[in-house]
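Chemist: Sending over target.cif (mmCIF, C-alpha atoms).
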data_upload
#
loop_
_atom_site.label_atom_id
_atom_site.label_comp_id
_atom_site.auth_asym_id
_atom_site.auth_seq_id
_atom_site.Cartn_x
_atom_site.Cartn_y
_atom_site.Cartn_z
CA MET A 5 143.01 78.08 119.94
CA GLU A 6 146.36 78.23 118.14
CA ASP A 7 149.26 80.03 119.77
CA PRO A 8 149.38 83.62 118.42
CA ASP A 9 153.15 83.40 118.07
CA LYS A 10 152.76 80.60 115.54
CA ILE A 11 150.13 82.40 113.41
CA ASP A 12 151.44 83.33 109.96
CA SER A 13 149.47 86.59 109.55
CA PRO A 14 151.45 87.98 106.56
CA ASN A 15 150.78 84.79 104.59
CA VAL A 16 147.08 85.00 105.40
CA MET A 17 146.89 88.65 104.37
CA LEU A 18 148.70 87.88 101.11
CA THR A 19 146.27 85.05 100.37
CA VAL A 20 143.26 87.26 101.05
CA ALA A 21 144.70 90.05 98.89
CA LEU A 22 145.25 87.56 96.08
CA HIS A 23 141.66 86.33 96.26
CA SER A 24 140.36 89.88 96.39
CA SER A 25 142.36 90.79 93.29
CA ILE A 26 140.88 87.76 91.50
CA TRP A 27 137.34 89.00 92.18
CA CYS A 28 138.30 92.53 91.10
CA THR A 29 139.84 91.23 87.87
CA LEU A 30 136.76 89.18 87.13
CA TYR A 31 134.53 92.22 87.69
CA PHE A 32 136.55 94.53 85.43
CA THR A 33 136.74 91.84 82.75
CA LEU A 34 132.95 91.54 82.80
CA CYS A 35 132.63 95.32 82.54
CA LEU A 36 134.81 95.28 79.41
CA VAL A 37 133.19 92.27 77.77
CA ASN A 38 129.64 92.98 78.91
CA TYR A 39 129.86 96.75 78.45
CA LYS A 40 126.23 97.13 77.37
CA ARG A 41 125.11 96.20 80.87
CA SER A 42 125.32 98.36 83.98
CA TYR A 43 128.06 98.11 86.60
CA GLU A 44 125.56 96.67 89.05
CA TRP A 45 124.61 93.95 86.54
CA ASN A 46 128.26 92.86 86.30
CA VAL A 47 128.94 93.01 90.03
CA ARG A 48 125.87 90.86 90.64
CA LEU A 49 127.25 88.30 88.22
CA VAL A 50 130.41 88.21 90.35
CA THR A 51 128.25 87.91 93.47
CA ALA A 52 126.34 84.96 92.04
CA LEU A 53 129.56 83.21 90.98
CA HIS A 54 131.06 83.76 94.44
CA ALA A 55 127.94 82.35 96.11
CA LEU A 56 127.96 79.22 93.94
CA THR A 57 131.69 78.68 94.48
CA VAL A 58 131.82 79.04 98.26
CA THR A 59 128.57 77.11 98.71
CA GLY A 60 130.01 74.21 96.74
CA LEU A 61 133.26 74.30 98.71
CA GLY A 62 131.36 74.61 101.98
CA LEU A 63 129.16 71.61 101.22
CA TRP A 64 132.26 69.55 100.46
CA CYS A 65 133.86 70.67 103.72
CA ALA A 66 130.78 69.88 105.81
CA PHE A 67 129.40 66.71 104.20
CA VAL A 68 132.48 65.04 102.73
CA GLN A 69 135.64 66.17 104.46
CA GLY A 70 134.26 67.15 107.86
CA PRO A 71 134.19 67.96 110.75
CA TRP A 72 130.42 68.06 111.24
CA PRO A 73 129.36 71.49 112.62
CA PHE A 74 126.49 70.14 114.74
CA THR A 75 128.79 67.93 116.82
CA ASP A 76 132.43 68.96 116.28
CA ALA A 77 132.50 72.75 116.13
CA GLY A 78 135.02 74.98 117.86
CA GLY A 79 138.22 73.39 116.57
CA ARG A 80 141.09 74.22 114.27
CA SER A 81 140.29 74.95 110.63
CA THR A 82 141.23 72.42 107.98
CA PRO A 83 143.32 73.60 104.99
CA LEU A 84 140.26 73.54 102.71
CA GLN A 85 138.21 75.46 105.25
CA GLN A 86 141.01 78.00 105.52
CA GLN A 87 141.18 78.50 101.75
CA THR A 88 137.41 78.80 101.48
CA ILE A 89 137.37 81.42 104.26
CA CYS A 90 140.15 83.43 102.58
CA LEU A 91 138.33 83.25 99.24
CA CYS A 92 135.15 84.49 100.87
CA LEU A 93 136.95 87.24 102.79
CA GLY A 94 138.62 88.45 99.59
CA TYR A 95 135.21 88.73 97.94
CA PHE A 96 133.64 90.64 100.84
CA LEU A 97 136.49 93.16 100.85
CA PHE A 98 135.94 93.71 97.13
CA ASP A 99 132.16 93.94 97.46
CA MET A 100 132.32 96.24 100.48
CA SER A 101 134.57 98.60 98.51
CA TRP A 102 132.17 98.53 95.56
CA CYS A 103 129.14 99.25 97.79
CA LEU A 104 130.88 102.20 99.48
CA TYR A 105 132.02 103.64 96.15
CA TYR A 106 128.65 103.43 94.39
CA GLN A 107 126.56 103.84 97.59
CA THR A 108 123.95 101.32 96.48
CA GLU A 109 123.31 99.55 99.80
CA GLY A 110 121.60 100.68 102.98
CA PRO A 111 122.76 100.29 106.62
CA PRO A 112 121.50 96.68 107.06
CA MET A 113 123.59 95.34 104.20
CA LEU A 114 126.64 97.36 105.27
CA VAL A 115 126.32 95.97 108.80
CA HIS A 116 126.06 92.48 107.28
CA HIS A 117 129.28 93.06 105.33
CA ILE A 118 131.12 94.47 108.35
CA LEU A 119 130.14 91.52 110.55
CA SER A 120 131.05 89.08 107.79
CA ILE A 121 134.46 90.68 107.26
CA ALA A 122 135.13 90.73 111.00
CA GLY A 123 134.16 87.08 111.49
CA LEU A 124 136.05 85.89 108.42
CA SER A 125 139.13 87.88 109.42
CA VAL A 126 139.23 86.34 112.91
CA CYS A 127 138.89 82.85 111.46
CA ALA A 128 141.46 83.45 108.73
CA ILE A 129 144.07 84.91 111.07
CA THR A 130 143.64 82.45 113.95
CA HIS A 131 143.03 79.35 111.78
CA TRP A 132 140.16 78.59 114.15
CA TYR A 133 136.33 78.37 114.04
CA GLY A 134 136.46 77.03 110.48
CA THR A 135 133.85 74.32 110.97
CA GLU A 136 131.11 76.60 112.28
CA LEU A 137 131.96 79.44 109.91
CA ILE A 138 131.72 77.13 106.90
CA ALA A 139 128.21 76.20 108.06
CA CYS A 140 127.37 79.92 108.25
CA ILE A 141 128.75 80.47 104.75
CA ILE A 142 126.54 77.70 103.36
CA GLY A 143 123.44 79.11 105.05
CA SER A 144 124.21 82.67 103.96
CA GLU A 145 125.25 82.06 100.37
CA ALA A 146 123.09 79.14 99.20
CA SER A 147 120.07 81.38 98.57
CA ASN A 148 122.12 84.22 97.06
CA PRO A 149 122.05 83.01 93.41
CA LEU A 150 118.24 83.06 93.54
CA LEU A 151 118.36 86.60 94.90
CA GLN A 152 120.56 87.69 92.00
CA LEU A 153 118.38 85.84 89.48
CA ARG A 154 115.37 87.65 90.89
CA TRP A 155 117.12 90.98 90.27
CA PHE A 156 118.09 89.98 86.71
CA LEU A 157 114.47 89.06 85.96
CA ARG A 158 113.35 92.49 87.16
CA GLU A 159 115.92 94.22 84.97
CA THR A 160 114.86 92.28 81.88
CA GLY A 161 111.13 92.71 82.48
CA LYS A 162 110.55 89.00 83.13
CA TYR A 163 109.87 89.16 86.85
CA ASP A 164 106.06 89.20 86.56
CA THR A 165 105.94 85.74 85.03
CA VAL A 166 105.37 82.21 86.31
CA PHE A 167 109.14 81.66 86.39
CA GLY A 168 109.54 84.88 88.38
CA GLU A 169 106.99 83.66 90.91
CA ILE A 170 108.85 80.35 91.25
CA VAL A 171 112.17 82.11 91.81
CA ASP A 172 110.62 84.46 94.36
CA ALA A 173 109.00 81.66 96.35
CA ALA A 174 112.11 79.45 96.15
CA PHE A 175 114.32 82.26 97.46
CA MET A 176 112.06 83.00 100.43
CA LEU A 177 111.68 79.34 101.34
CA LEU A 178 115.39 78.57 101.00
CA PHE A 179 116.40 81.69 102.92
CA GLY A 180 114.01 80.96 105.78
CA GLY A 181 114.74 77.24 105.81
CA LEU A 182 118.51 77.64 105.98
CA ARG A 183 119.07 80.82 107.95
CA ILE A 184 116.21 80.44 110.41
CA GLY A 185 115.38 76.73 110.38
CA VAL A 186 118.86 75.18 110.17
CA GLY A 187 120.44 78.26 111.74
CA THR A 188 118.38 77.92 114.92
CA ASN A 189 119.36 74.27 115.33
CA LEU A 190 123.01 75.08 114.62
CA LEU A 191 123.15 77.89 117.17
CA TYR A 192 121.45 75.72 119.79
CA SER A 193 123.87 72.86 119.21
CA TYR A 194 126.80 75.29 119.20
CA TYR A 195 125.94 76.52 122.68
CA ASN A 196 125.71 72.90 123.85
CA GLN A 197 129.19 72.09 122.54
CA ASP A 198 132.54 72.94 124.11
CA THR A 199 132.86 76.34 122.39
CA ASP A 200 134.28 79.64 123.63
CA TRP A 201 132.60 83.01 124.14
CA LEU A 202 134.02 84.62 120.99
CA GLY A 203 132.51 82.03 118.69
CA ARG A 204 129.18 82.26 120.50
CA ILE A 205 129.06 86.04 120.20
CA GLY A 206 129.86 85.86 116.50
CA GLY A 207 127.25 83.17 115.87
CA SER A 208 124.58 85.04 117.82
CA ALA A 209 125.30 88.27 115.92
CA LEU A 210 124.94 86.58 112.52
CA TYR A 211 121.79 84.81 113.69
CA ALA A 212 120.22 88.10 114.84
CA LEU A 213 121.11 89.66 111.47
CA SER A 214 119.42 86.75 109.69
CA TRP A 215 116.24 87.41 111.64
CA MET A 216 116.35 91.08 110.64
CA PHE A 217 116.47 90.10 106.98
CA MET A 218 113.78 87.46 107.55
CA VAL A 219 111.38 90.01 109.03
CA ASN A 220 111.84 92.16 105.93
CA ILE A 221 111.17 89.16 103.69
CA ILE A 222 108.04 88.17 105.63
CA THR A 223 106.74 91.76 105.44
CA TYR A 224 107.35 91.83 101.70
CA ALA A 225 105.69 88.43 101.20
CA CYS A 226 102.59 89.45 103.18
CA LYS A 227 102.16 92.63 101.13
CA LYS A 228 102.77 90.86 97.83
CA TYR A 229 100.45 87.90 98.32
CA THR A 230 97.75 89.97 100.01
CA LYS A 231 97.69 92.19 96.96
CA LYS A 232 97.57 89.17 94.66
CA LEU A 233 94.74 87.64 96.69
CA LYS A 234 92.65 90.82 96.44
CA LYS A 235 93.32 91.00 92.72
CA TRP A 236 92.32 87.34 92.31
CA LYS A 237 89.09 87.83 94.25
CA ALA A 238 88.20 90.87 92.15
CA SER A 239 88.95 88.97 88.95
CA SER A 240 86.92 85.97 90.13
CA SER A 241 83.97 88.22 90.96
CA ASP A 242 84.12 89.81 87.50
CA LYS A 243 84.22 86.39 85.84
CA GLN A 244 81.19 85.21 87.80
CA SER A 245 79.28 88.35 86.85
CA THR A 246 80.20 87.91 83.19
CA LEU A 247 79.19 84.25 83.28
CA LYS A 248 75.86 85.12 84.83
CA ASP A 249 75.15 87.69 82.13
CA LYS A 250 76.15 85.19 79.48
CA ASN A 251 73.81 82.56 80.89
CA ILE A 252 70.92 85.02 80.77
CA THR A 253 71.77 85.94 77.20
CA ASP A 254 72.06 82.32 76.16
CA LYS A 255 68.56 81.62 77.50
CA SER A 256 67.02 84.35 75.36
CA GLU A 257 65.23 83.61 72.12
CA VAL A 258 64.04 85.57 69.13
CA VAL A 259 60.35 85.26 68.22
CA VAL A 260 59.60 86.20 64.63
CA THR A 261 56.11 86.97 63.33
CA LYS A 262 54.80 88.49 60.14
CA ASP A 263 51.80 90.54 59.20
CA ASN A 264 49.80 90.69 55.98
CA ASN A 265 52.20 93.24 54.47
CA HIS A 266 55.08 90.84 54.91
CA ASN A 267 56.61 93.03 57.63
CA VAL A 268 58.50 91.05 60.19
CA ARG A 269 58.32 91.76 63.92
CA ALA A 270 61.23 90.44 65.97
CA ARG A 271 60.99 90.13 69.71
CA LYS A 272 63.89 89.04 71.92
CA VAL A 273 62.59 87.15 74.90
CA LEU A 274 64.51 86.89 78.19
CA GLN A 275 63.58 85.31 81.49
CA ASN A 276 62.05 88.57 82.56
CA GLY A 277 59.94 89.00 79.41
CA PHE A 278 60.17 90.81 76.05
CA ILE A 279 62.95 93.41 75.95
CA THR A 280 63.01 94.12 72.23
CA SER A 281 60.20 94.51 69.79
CA LYS A 282 60.95 96.06 66.40
CA ASN A 283 59.38 96.09 62.95
CA ILE A 284 61.73 95.22 60.10
CA GLN A 285 60.91 96.04 56.51
CA ASN A 286 62.19 93.16 54.40
CA LYS A 287 63.12 93.00 50.78
CA TYR A 288 63.18 89.52 49.27
CA ILE A 289 65.75 88.57 46.69
CA GLY A 290 65.36 84.99 45.61
CA SER A 291 65.20 82.84 48.72
CA THR A 292 67.04 85.31 51.00
CA MET A 293 65.95 88.39 52.85
CA GLU A 294 67.83 91.68 53.25
CA GLN A 295 67.28 93.50 56.51
CA LEU A 296 66.57 97.20 56.36
CA ALA A 297 66.66 98.13 60.01
CA THR A 298 68.28 100.44 62.51
CA ASP A 299 71.33 99.42 64.54
CA ASP A 300 69.35 98.81 67.70
CA VAL A 301 67.29 96.02 66.10
CA ILE A 302 68.28 92.45 66.83
CA GLU A 303 70.13 90.99 63.86
CA PHE A 304 68.73 87.79 62.43
CA SER A 305 68.29 86.16 59.05
CA VAL A 306 65.36 84.13 57.73
CA SER A 307 64.57 82.69 54.35
CA ARG A 308 61.44 83.58 52.40
CA THR A 309 59.99 80.16 53.06
CA ASP A 310 60.57 80.53 56.81
CA VAL A 311 58.60 83.73 56.92
CA ILE A 312 55.72 82.37 54.92
CA THR A 313 55.44 79.24 57.00
CA SER A 314 55.79 81.00 60.37
#
Please render this file's structure as structure tokens.
Modeler:
Amino acid sequence: MEDPDKIDSPNVMLTVALHSSIWCTLYFTLCLVNYKRSYEWNVRLVTALHALTVTGLGLWCAFVQGPWPFTDAGGRSTPLQQQTICLCLGYFLFDMSWCLYYQTEGPPMLVHHILSIAGLSVCAITHWYGTELIACIIGSEASNPLLQLRWFLRETGKYDTVFGEIVDAAFMLLFGGLRIGVGTNLLYSYYNQDTDWLGRIGGSALYALSWMFMVNIITYACKKYTKKLKKWKASSSDKQSTLKDKNITDKSEVVVTKDNNHNVRARKVLQNGFITSKNIQNKYIGSTMEQLATDDVIEFSVSRTDVITS
């Protein structure tokens, strides 16, 4: 780790304060321009923009610039890693202040913010652990835009749509795949590398927090899709019952007979026998017949010739 006497803490603090002021300015600008929306709507726009920005920077650090976190963690931060960490720390200070002021988040999210601020602060001040922290930033923030989009769909009444289902499933899969799938491999490889105790404690704490969120997501998913499955089974049962009734109705036929007084008797025949048998007094006009019957009589129309030749 770098010698503490050579650490330029005031410069780091100034950089973080500058980034934090940028996020604050962006938020207040959105509140002025997008005044018809709530404060939470605008802060979530800032959150989504932050997530996209630091994820993009993190991917460049990990896949293009290096070092690779699965093999070369535990070293000095590169300049780009340092700037990305300061940008992220500035955002979390802004967002933590917003959450405390409006009291919108519960203890789990506040603990997440506190751990994030602590880890980012250590990395920013010491110029160390940048490689592994960038990997954590990618895993934590890559799924965040989907989380915000999910909230926007709820607010606009478009969550219960096919697109809403896609966003929901994509968020859960991406969250679990990155934080639990990739995160498990990263933590395992981190312990197998030449890393110190402080980095291991920080990584383990963030990993445990990811599992806490994952349990909540799994619980939510089980409740949601169990409810949908029951609803689908009930709907399928109703459709089968309706189809069965329709098939019985389609197999019915109307038998028409006449007597000497030209009265017509209509009988509706089902598989189980005659269910309707009514007399209809008919009045012929030309080649058509008007029905003079009560509402419970089966409706049908015959021509005068049809009746005579029956």
Chemist: Run the PyMOL selection byres ((chain A and resi 187) around 12) against the file shown and list the residues it catches, as number ranges by chain.
Modeler: A: 73-74, 136-137, 139-144, 178-186, 188-194, 207-215
Chemist: Enumerate, as number ranges by chain, the residues matched when the PyMOL selection byres ((chain A and resi 121) around 10) is run on the file above.
Modeler: A: 92-97, 100, 115-120, 122-127
Chemist: Between atom CA of Val68 of chain A and atom CA of Asp200 of chain A, what is the distance in Å, rounded to a tenth?
Modeler: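 So the two atoms, atom CA of Val68 of chain A and atom CA of Asp200 of chain A, lie 25.6 Å apart.
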Chemist: Here is a test: counting all atoms listed in the file, which residue of A:Phe175, A:Trp64, A:Tyr163, A:Tyr43 is nearest to Leu84 of chain A?
Modeler: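 Comparing A:Phe175, A:Trp64, A:Tyr163, A:Tyr43 against Leu84 of chain A, the winner is A:Trp64.
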Chemist: Expressed in Å to a single decimal, how great is the separation between atom CA of Gly62 of chain A and atom CA of Ile138 of chain A?
Modeler: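 It comes out at 5.5 Å.
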Chemist: Between atom CA of Ser81 of chain A and atom CA of Ala66 of chain A, what is the distance, to one decimal in Å?
Modeler: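 Computing the Euclidean distance for atom CA of Ser81 of chain A and atom CA of Ala66 of chain A yields 11.8 Å.
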Chemist: Report as number ranges by chain the residues that result from applying the PyMOL selection byres ((chain A and resi 46-61) around 9) to the structure here.
Modeler: A: 27, 30-32, 34-35, 38-39, 41-45, 62-66, 84-85, 88-89, 91-92, 95, 99, 102, 138, 141-153, 155-156
